[in-house]
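Here is the structure we will look at.
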Amino acid sequence: MAAERELVRWSAARLAEALAAGEVSSVEATQAHLDRIGDVDADVHAYLHVAGDDALVRAAEIDRQRADGTAPGPLAGVPIAIKDVLCTSDMPSTAGSRILEGWIPPYDATPVARLRAAGLIPLGKTNMDEFAMGSSTEHSAYGPSRNPWDLTRIPGGSGGGSAAAVAAFEAPVALGSDTGGSIRQPAAVTGTVGVKPTYGGVSRFGAIALASSLDQVGPVSRSVLDAALIHDVIGGHDPNDATSLDERWPSFADAAREGAASGSLAGLKVGVVHQLDGSGFQAGVRQRFGEALKRMAEAGADIVEVQAPHFEYALAAYYLILPAEASSNLAKYDAVRFGLRVDPGGSTVEQVTALSREAGFGPEVKRRIILGTYALSAGYYDAYYGSAQQVRTLVQRDFDACFTQADVLVSPSAPTTAFRLGEKIDDPLAMYLNDITTIPANLAGVPGLGMPIGLAPEDGLPVGLQVMAPLREDARLYRVGATLEAILEREWGGPLLAQAPALGSAASRSDRIRTTPGTAPAPGYGTEPDGGTL
Amino acid sequence: MADGTAFASDALLDYDEALAKYEPVLGFEVHVELSTRTKMFSAAPNPAAADSGSVEPNTMVAPVDMGLPGSLPVVNAQAVRYSISLGLALGCSIAETCRFARKNYFYPDLGKNYQISQYDEPIAFDGSVEVELEDGTTWTVPIERAHMEEDAGKLTHVGGATGRIQGADWSLVDYNRAGVPLVEIVTKPIVGAGAAAPQLAKAYVATIRDIVRSLGISEARMERGNLRCDANVSLRPRGRERFGTRTETKNVNSLRSVERAVRYEIRRQAAILEAGGTIVQETRHWHEDTGTTSAGRPKSDADDYRYFPEPDLLPIQPSAELIAELRAALPETPTQFRRRLQADYGFTESEFRDLVNANLLVELEETVGKGAAPAQARKWWLGEILRIANSRGVEAGTLVSPLHVSELIALVENGDLTDRLARQVLEGVVAGEGSPEEVVKARGLAVVSDDTALTAAIDEALAAQPDVLQKIRDGKVQAAGAVIGAVMKAMRGQADAARVRELVLERAAR
């Protein structure tokens with residue numbers, strides 16, 4: 001039997017092999033992760049709900065099936081964490097909001113149903129910014145999650161819970177959702193891997209909607225292969241989602257394995273998007289990004305610069321389209337059928353709805369509902385929502401043009417490393433700028449992968465690389481990502497997360513609160529935005 | 001108008017006087033509930049489907065209909081095909097590509113607090129419908145568009161005097177109807193009908209009903225809300241170009257009410273204009289009992305529903321092949337249908353018009369199709385069935401099926417029933433006791449054709465009235481009536497009166 005502390009550090013791929021070989025049981029693996037959660041989650045607060053006994057019962061069932069030779073798939077018995085934006089029929093699904101506190105849906109989201117069908121064991125629901133609005137989890141109604149690399153810092157958002165859970169070894173893999181970077185930006189600041197699939201690649205059925213035309217569910221993991229394994233399970237056409245692509249997808253895991261094995265990027269054209277090349281970004285981010293390009297070139301890739309002139313307007317367009325759709329998607333929270341109900345008695349339905357929304361929504365949600373309602377209003381539609389959609393078309397054309405010159409596009413995943421809790425909470429614009437690099441992929445629907453490329457020298461915190469591919473070419477991300485990952489891990493002597501500080505009972509409190517080395521503070525993107533004021 | 005005045009009677013101008021001074025301009029929004037098996041955007045069963053009885057509230061619902069988080073709409077392909085067929089039948093162009101849009105407003109009968117509808121991209125547009133009035137004149141009603149959308153749930157307001165949300169203690173919501181597929185047919189302004197405007201209104205809605213019925217895409221029963229009409233009425237002084245301010249009378253749900261509501265609004269608006277007042281642009285409620293309208297909510301063209309393209313659904317792009325296929329399968333138009341029937345059945349113009357005005361052509365054709373003679377079918381539908389329908393204030397077509405009427409006629413033709421017995425059987429069928437055969441059996445209503453039984457009854461009657469035979473022999477044949485009456489009474493009506501008469505006359509001749 002593997003020791004608990006070792007077991008939780010295994011990748012999903014390794015765990016799956018060990019489960020298949022009978023070296024470890026699913027109950028042992030699940031219990032090890034539950035123990036780890038018990039040990040560290042009071043500090044990290046990655047989880048809003050832990051499945052506990054239910055997870056162990058499922059694990060035992062999988063172990064029985066394994067013994068009978070009827071285990072449902074290669075990942076059967078592997079534990080997984082689920083972002084609270086996804087509906088689960090046996091656990092509360094709150095999307096980080098007070099207005100859905102305790103709500104248990106009558107159905108599983110399609111990606112969750114597929115995980116269960118493949119025998120994965122849901123460990124619990126992970127924290128997030130309320131309705132996925134935010135870049136730090138500080139907008140969660142249930143308190144922020146903390147970055148396992150430094151508990152005074154944010155784990156990114158909105159999917160900071162899933163990223164922190166994986167980075168803190170509280171789950172080998174997790175599900176996230178990405179509307180403007182909510183998988184890739186947390187991956188960047190926690191040193192983990194996250195993929196936003198092609199829009200329509202993974203069903204949105206059961207994902208509590210933020211902005212329907214941008215939302216996409218995807219995997220969160222500590223390795224490119226693990227992300228691919230989960231993507232293979234959750235992806236594919238779903239008749240319950242009209243925007244789901246009816247496509248025969250290749251095996252992403254095969255693509256990742258091929259990439260890792262080849263060690264070469266020969267013939268690959270890597271486009272550096274001039275508009276996202278890191279100018280104005282934190283120095284350590286720029287440095288690691290430059291080094292990653294160098295490694296790719298050394299592996300045979302041809303690095304070219306490409307122009308995407310309309311990316312400059314992407315953030316502004318995004319912050320019209322998202323609130324507009326969100327203002328409509330969030331209208332269903334009216335206290336009539338489910339969710340929080342504030343009823344002082346003797347009130348009209350309008351008053352009960354208004355009081356419930358007042359009490360149930362946090363300030364960022366209200367801000368975006370008001371923004372979106374305004375942007376859709378008669379007389380303003382053309383100027384705001386209408387022009388934002390035109391920008392969206394231009395961004396899509398920029399991508400089309402870039403992909404005639406390059407096979408994949410790269411940029412830093414985020415402008416800075418993890419910032420401190422509270423640092424940007426009162427400055428919405430500074431917070432929005434965290435997603436400047438990730439938003440274009442959502443506007444165009446193209447897939448994006450975020451992966452660690454080292455630690456910023458000035459603060460010792462993880463830096464992420466974003467790789468983007470054309471629509472439906474998700475396999476390319478896994479192939480390229482796995483190649484680069486293998487090169488970097490050889491250089492580091494192991495995964496980057498091996499360098500993360502110890503947590504929980506194994507660590508003293510002082511170990512866990514890191515202080516920035518005595519150099520000048522990180523510039524903090526937002527004080528000198530690239531391309532002028534937005 | 002304040003709520004308190006809602007039921008105060010409005011001043012009305014004499015209809016002829018109103019028409020002398022003002023020209024009415026009409027417009028209609030007719031909502032048709034499609035009878036697809038499942039709902040517009042969910043797999044829940046459709047309560048507007050053909051075989052759907054009444055069910056408990058909130059039992060025909062899927063997560064989408066309730067607006068549950070994470071649920072997603074999926075378009076019902078059959079509803080799209082039905083909508084295209086309807087668009088084609090209305091002479092419309094079918095859009096090569098069209099989208100759904102969200103119409104955002106908070107109201108508890110919408111689970112999502114937005115309605116999925118179509119806004120600037122309807123599936124069908126620019127058509128026209130030929131409408132025939134009771135006097136046989138025809139009108140062409142221009143169609144602006146027909147678009148797809150979902151129905152809302154039903155609110156029941158409990159407590160309060162008016163049954164409306166204002167003043168109610170609480171309200172109950174039934175989401176069964178939420179998500180029922182609808183097509184909304186919008187006319188362009190209809191001008192020039194003059195005094196015939198109310199008749200045209202009725203004839204237009206009847207034509208839409210006939211079209212959707214012949215397409216087989218809706219149950220089209222107005223009393224059940226399968227077909228609902230909002231009637232827009234405005235007046236302009238004769239000779240003026242610009243339209244007056246319109247009112248929209250909502251949910252006028254019978255053909256007769258459509259006619260009455262339009263007539264009422266013409267008289268009400270004319271009275272206001274005559275008194276120097278102005279018409280308020282508003283919705284109005286129709287009151288079937290008093291035949292009046294009352295003020296609803298103010299409505300302006302600037303109502304802000306914050307429409308935007310529905311991001312959960314892809315554009316609808318019907319192929320040219322599909323449109324051609326649906327066009328080829330279109331049934332004849334109501335006008336073509338009428339002309340064919342008139343030619344086939346050989347009715348006189350006035351006999352035929354009675355059927356048209358009673359809206360019984362479809363029933364007639366189906367009854368004939370099941371084997372009845374046209375004259376017999378006409379006699380039953382316009383006679384006893386229409387009488388029962390009128391006495392109950394319902395549409396004749398809802399009382400009994402054409403199949404049962406044809407069976408009833410066959411029983412009379414075969415001599416199994418007299419007309420009088422057949423009327424009793426019809427009563428039983430209308431009361432839901434089963435088919436005519438079943439009612440005959442259950443009520444024991446068959447004609448006694450056994451001469452032995454009749455002879456015995458005649459003997460008995462003659463014994464009581466011994467002078468009758470002599471009177472007949474003296475040439476007073478009408479004296480037989482007393483015996484026939486007595487026999488019929490003794491047989492509780494289940495005798496063939498003609499046969500009894502024959503037997504009595506035979507006896508007298510002996």
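Identifiers in this document derive from the order of the structure tokens: chains are assigned A, B, ..., residues are numbered from 1 separately in each chain, and ligands are numbered from 1 in order of occurrence.
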(message) DSSP on the backbone: which residues in region 262-333 of chain A end up as strand (DSSP E or B)? Give the answer as a ChimeraX atom specification.
(response) /A:269-273,302-306
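The residues of chain B lying at most 8 Å from chain A, with only C-alpha atoms taken into account, are Met66, Gly67, Leu68, Pro69, Gly70, Ser71, Leu72, Pro73, Val74, Val75, Asn104, Phe106, Pro108, Gly111, Lys112, Asn113, Tyr114, Ala302, Asp304, Tyr305, Arg306, Tyr307, Phe308, Pro311, Asp312, Leu313 and Leu314 of chain B.
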(request) Could you pull out the residues in region 239-425 of chain B that DSSP calls alpha helix (DSSP H) from the backbone, as a ChimeraX atom specification? (result) /B:255-274,320-328,334-345,349-357,361-369,374-380,386-392,402-413,419-425
Given the selection you just returned, output its residues as a file containing C-alpha atoms, formatted as a PDB file, in the first residue's frame.
```pdb
ATOM      1  CA  LEU B 255     -64.819  33.830 -33.244  1.00  0.00           C
ATOM      2  CA  ARG B 256     -67.929  35.582 -32.022  1.00  0.00           C
ATOM      3  CA  SER B 257     -65.913  37.528 -29.457  1.00  0.00           C
ATOM      4  CA  VAL B 258     -63.438  38.689 -32.078  1.00  0.00           C
ATOM      5  CA  GLU B 259     -66.279  40.258 -34.002  1.00  0.00           C
ATOM      6  CA  ARG B 260     -67.855  41.765 -30.891  1.00  0.00           C
ATOM      7  CA  ALA B 261     -64.597  43.079 -29.493  1.00  0.00           C
ATOM      8  CA  VAL B 262     -63.698  44.882 -32.711  1.00  0.00           C
ATOM      9  CA  ARG B 263     -67.165  46.369 -32.951  1.00  0.00           C
ATOM     10  CA  TYR B 264     -66.985  47.475 -29.314  1.00  0.00           C
ATOM     11  CA  GLU B 265     -63.592  49.105 -29.716  1.00  0.00           C
ATOM     12  CA  ILE B 266     -64.742  50.985 -32.826  1.00  0.00           C
ATOM     13  CA  ARG B 267     -67.713  52.390 -30.928  1.00  0.00           C
ATOM     14  CA  ARG B 268     -65.736  53.150 -27.778  1.00  0.00           C
ATOM     15  CA  GLN B 269     -62.880  54.860 -29.561  1.00  0.00           C
ATOM     16  CA  ALA B 270     -65.279  56.831 -31.765  1.00  0.00           C
ATOM     17  CA  ALA B 271     -67.087  58.116 -28.681  1.00  0.00           C
ATOM     18  CA  ILE B 272     -63.805  59.295 -27.151  1.00  0.00           C
ATOM     19  CA  LEU B 273     -62.669  60.978 -30.356  1.00  0.00           C
ATOM     20  CA  GLU B 274     -66.087  62.592 -30.828  1.00  0.00           C
ATOM     21  CA  ALA B 320     -34.378  24.321 -50.035  1.00  0.00           C
ATOM     22  CA  GLU B 321     -35.259  20.625 -50.309  1.00  0.00           C
ATOM     23  CA  LEU B 322     -37.157  20.671 -47.027  1.00  0.00           C
ATOM     24  CA  ILE B 323     -39.084  23.784 -48.013  1.00  0.00           C
ATOM     25  CA  ALA B 324     -39.950  22.261 -51.395  1.00  0.00           C
ATOM     26  CA  GLU B 325     -41.064  19.044 -49.727  1.00  0.00           C
ATOM     27  CA  LEU B 326     -43.302  20.899 -47.287  1.00  0.00           C
ATOM     28  CA  ARG B 327     -44.674  23.109 -50.049  1.00  0.00           C
ATOM     29  CA  ALA B 328     -45.581  20.050 -52.122  1.00  0.00           C
ATOM     30  CA  PRO B 334     -59.718  27.231 -47.260  1.00  0.00           C
ATOM     31  CA  THR B 335     -61.051  29.050 -50.341  1.00  0.00           C
ATOM     32  CA  GLN B 336     -60.080  26.185 -52.638  1.00  0.00           C
ATOM     33  CA  PHE B 337     -61.548  23.771 -50.140  1.00  0.00           C
ATOM     34  CA  ARG B 338     -64.875  25.632 -50.061  1.00  0.00           C
ATOM     35  CA  ARG B 339     -65.092  25.776 -53.833  1.00  0.00           C
ATOM     36  CA  ARG B 340     -64.398  22.075 -54.152  1.00  0.00           C
ATOM     37  CA  LEU B 341     -66.965  21.095 -51.561  1.00  0.00           C
ATOM     38  CA  GLN B 342     -69.628  23.302 -53.052  1.00  0.00           C
ATOM     39  CA  ALA B 343     -69.045  21.762 -56.462  1.00  0.00           C
ATOM     40  CA  ASP B 344     -68.900  18.188 -55.159  1.00  0.00           C
ATOM     41  CA  TYR B 345     -71.905  18.269 -52.868  1.00  0.00           C
ATOM     42  CA  GLU B 349     -75.477  28.891 -52.484  1.00  0.00           C
ATOM     43  CA  SER B 350     -77.571  29.545 -49.391  1.00  0.00           C
ATOM     44  CA  GLU B 351     -77.366  25.955 -48.139  1.00  0.00           C
ATOM     45  CA  PHE B 352     -73.616  26.139 -48.490  1.00  0.00           C
ATOM     46  CA  ARG B 353     -73.301  29.539 -46.844  1.00  0.00           C
ATOM     47  CA  ASP B 354     -75.092  28.264 -43.742  1.00  0.00           C
ATOM     48  CA  LEU B 355     -72.367  25.648 -43.364  1.00  0.00           C
ATOM     49  CA  VAL B 356     -69.610  28.168 -43.914  1.00  0.00           C
ATOM     50  CA  ASN B 357     -71.048  30.567 -41.376  1.00  0.00           C
ATOM     51  CA  LEU B 361     -67.226  22.652 -43.515  1.00  0.00           C
ATOM     52  CA  VAL B 362     -64.350  20.591 -42.193  1.00  0.00           C
ATOM     53  CA  GLU B 363     -66.715  18.518 -40.069  1.00  0.00           C
ATOM     54  CA  LEU B 364     -69.029  18.091 -43.027  1.00  0.00           C
ATOM     55  CA  GLU B 365     -66.274  16.894 -45.291  1.00  0.00           C
ATOM     56  CA  GLU B 366     -64.987  14.433 -42.731  1.00  0.00           C
ATOM     57  CA  THR B 367     -68.511  13.121 -42.075  1.00  0.00           C
ATOM     58  CA  VAL B 368     -69.077  12.603 -45.781  1.00  0.00           C
ATOM     59  CA  GLY B 369     -65.636  11.042 -45.964  1.00  0.00           C
ATOM     60  CA  PRO B 374     -73.829  15.155 -47.924  1.00  0.00           C
ATOM     61  CA  ALA B 375     -77.460  16.188 -47.401  1.00  0.00           C
ATOM     62  CA  GLN B 376     -77.798  14.004 -44.312  1.00  0.00           C
ATOM     63  CA  ALA B 377     -74.492  15.228 -42.921  1.00  0.00           C
ATOM     64  CA  ARG B 378     -75.576  18.817 -43.487  1.00  0.00           C
ATOM     65  CA  LYS B 379     -78.954  18.140 -41.857  1.00  0.00           C
ATOM     66  CA  TRP B 380     -77.418  16.724 -38.666  1.00  0.00           C
ATOM     67  CA  LEU B 386     -75.748  23.043 -33.870  1.00  0.00           C
ATOM     68  CA  ARG B 387     -78.832  23.415 -31.657  1.00  0.00           C
ATOM     69  CA  ILE B 388     -77.094  21.682 -28.732  1.00  0.00           C
ATOM     70  CA  ALA B 389     -73.913  23.676 -29.377  1.00  0.00           C
ATOM     71  CA  ASN B 390     -75.770  26.989 -29.381  1.00  0.00           C
ATOM     72  CA  SER B 391     -77.670  26.118 -26.227  1.00  0.00           C
ATOM     73  CA  ARG B 392     -74.354  25.421 -24.532  1.00  0.00           C
ATOM     74  CA  PRO B 402     -67.488  13.384 -37.678  1.00  0.00           C
ATOM     75  CA  LEU B 403     -66.998   9.623 -37.357  1.00  0.00           C
ATOM     76  CA  HIS B 404     -69.760   9.356 -34.763  1.00  0.00           C
ATOM     77  CA  VAL B 405     -72.070  11.556 -36.818  1.00  0.00           C
ATOM     78  CA  SER B 406     -71.555   9.349 -39.871  1.00  0.00           C
ATOM     79  CA  GLU B 407     -72.237   6.257 -37.758  1.00  0.00           C
ATOM     80  CA  LEU B 408     -75.411   7.843 -36.441  1.00  0.00           C
ATOM     81  CA  ILE B 409     -76.589   8.653 -39.961  1.00  0.00           C
ATOM     82  CA  ALA B 410     -75.862   5.067 -41.050  1.00  0.00           C
ATOM     83  CA  LEU B 411     -78.023   3.721 -38.215  1.00  0.00           C
ATOM     84  CA  VAL B 412     -80.926   5.905 -39.379  1.00  0.00           C
ATOM     85  CA  GLU B 413     -80.404   4.929 -43.025  1.00  0.00           C
ATOM     86  CA  ASP B 419     -84.832  10.393 -36.307  1.00  0.00           C
ATOM     87  CA  ARG B 420     -86.265  10.805 -32.870  1.00  0.00           C
ATOM     88  CA  LEU B 421     -84.286   7.908 -31.443  1.00  0.00           C
ATOM     89  CA  ALA B 422     -81.214   9.156 -33.241  1.00  0.00           C
ATOM     90  CA  ARG B 423     -81.523  12.478 -31.430  1.00  0.00           C
ATOM     91  CA  GLN B 424     -81.517  10.593 -28.133  1.00  0.00           C
ATOM     92  CA  VAL B 425     -78.489   8.614 -29.241  1.00  0.00           C
TER      93      VAL B 425
END
```
(message) Rounded to one decimal, what separation in Å do you get between CA of His147 (chain B) and CA of Val25 (chain B)?
(response) 22.7 Å
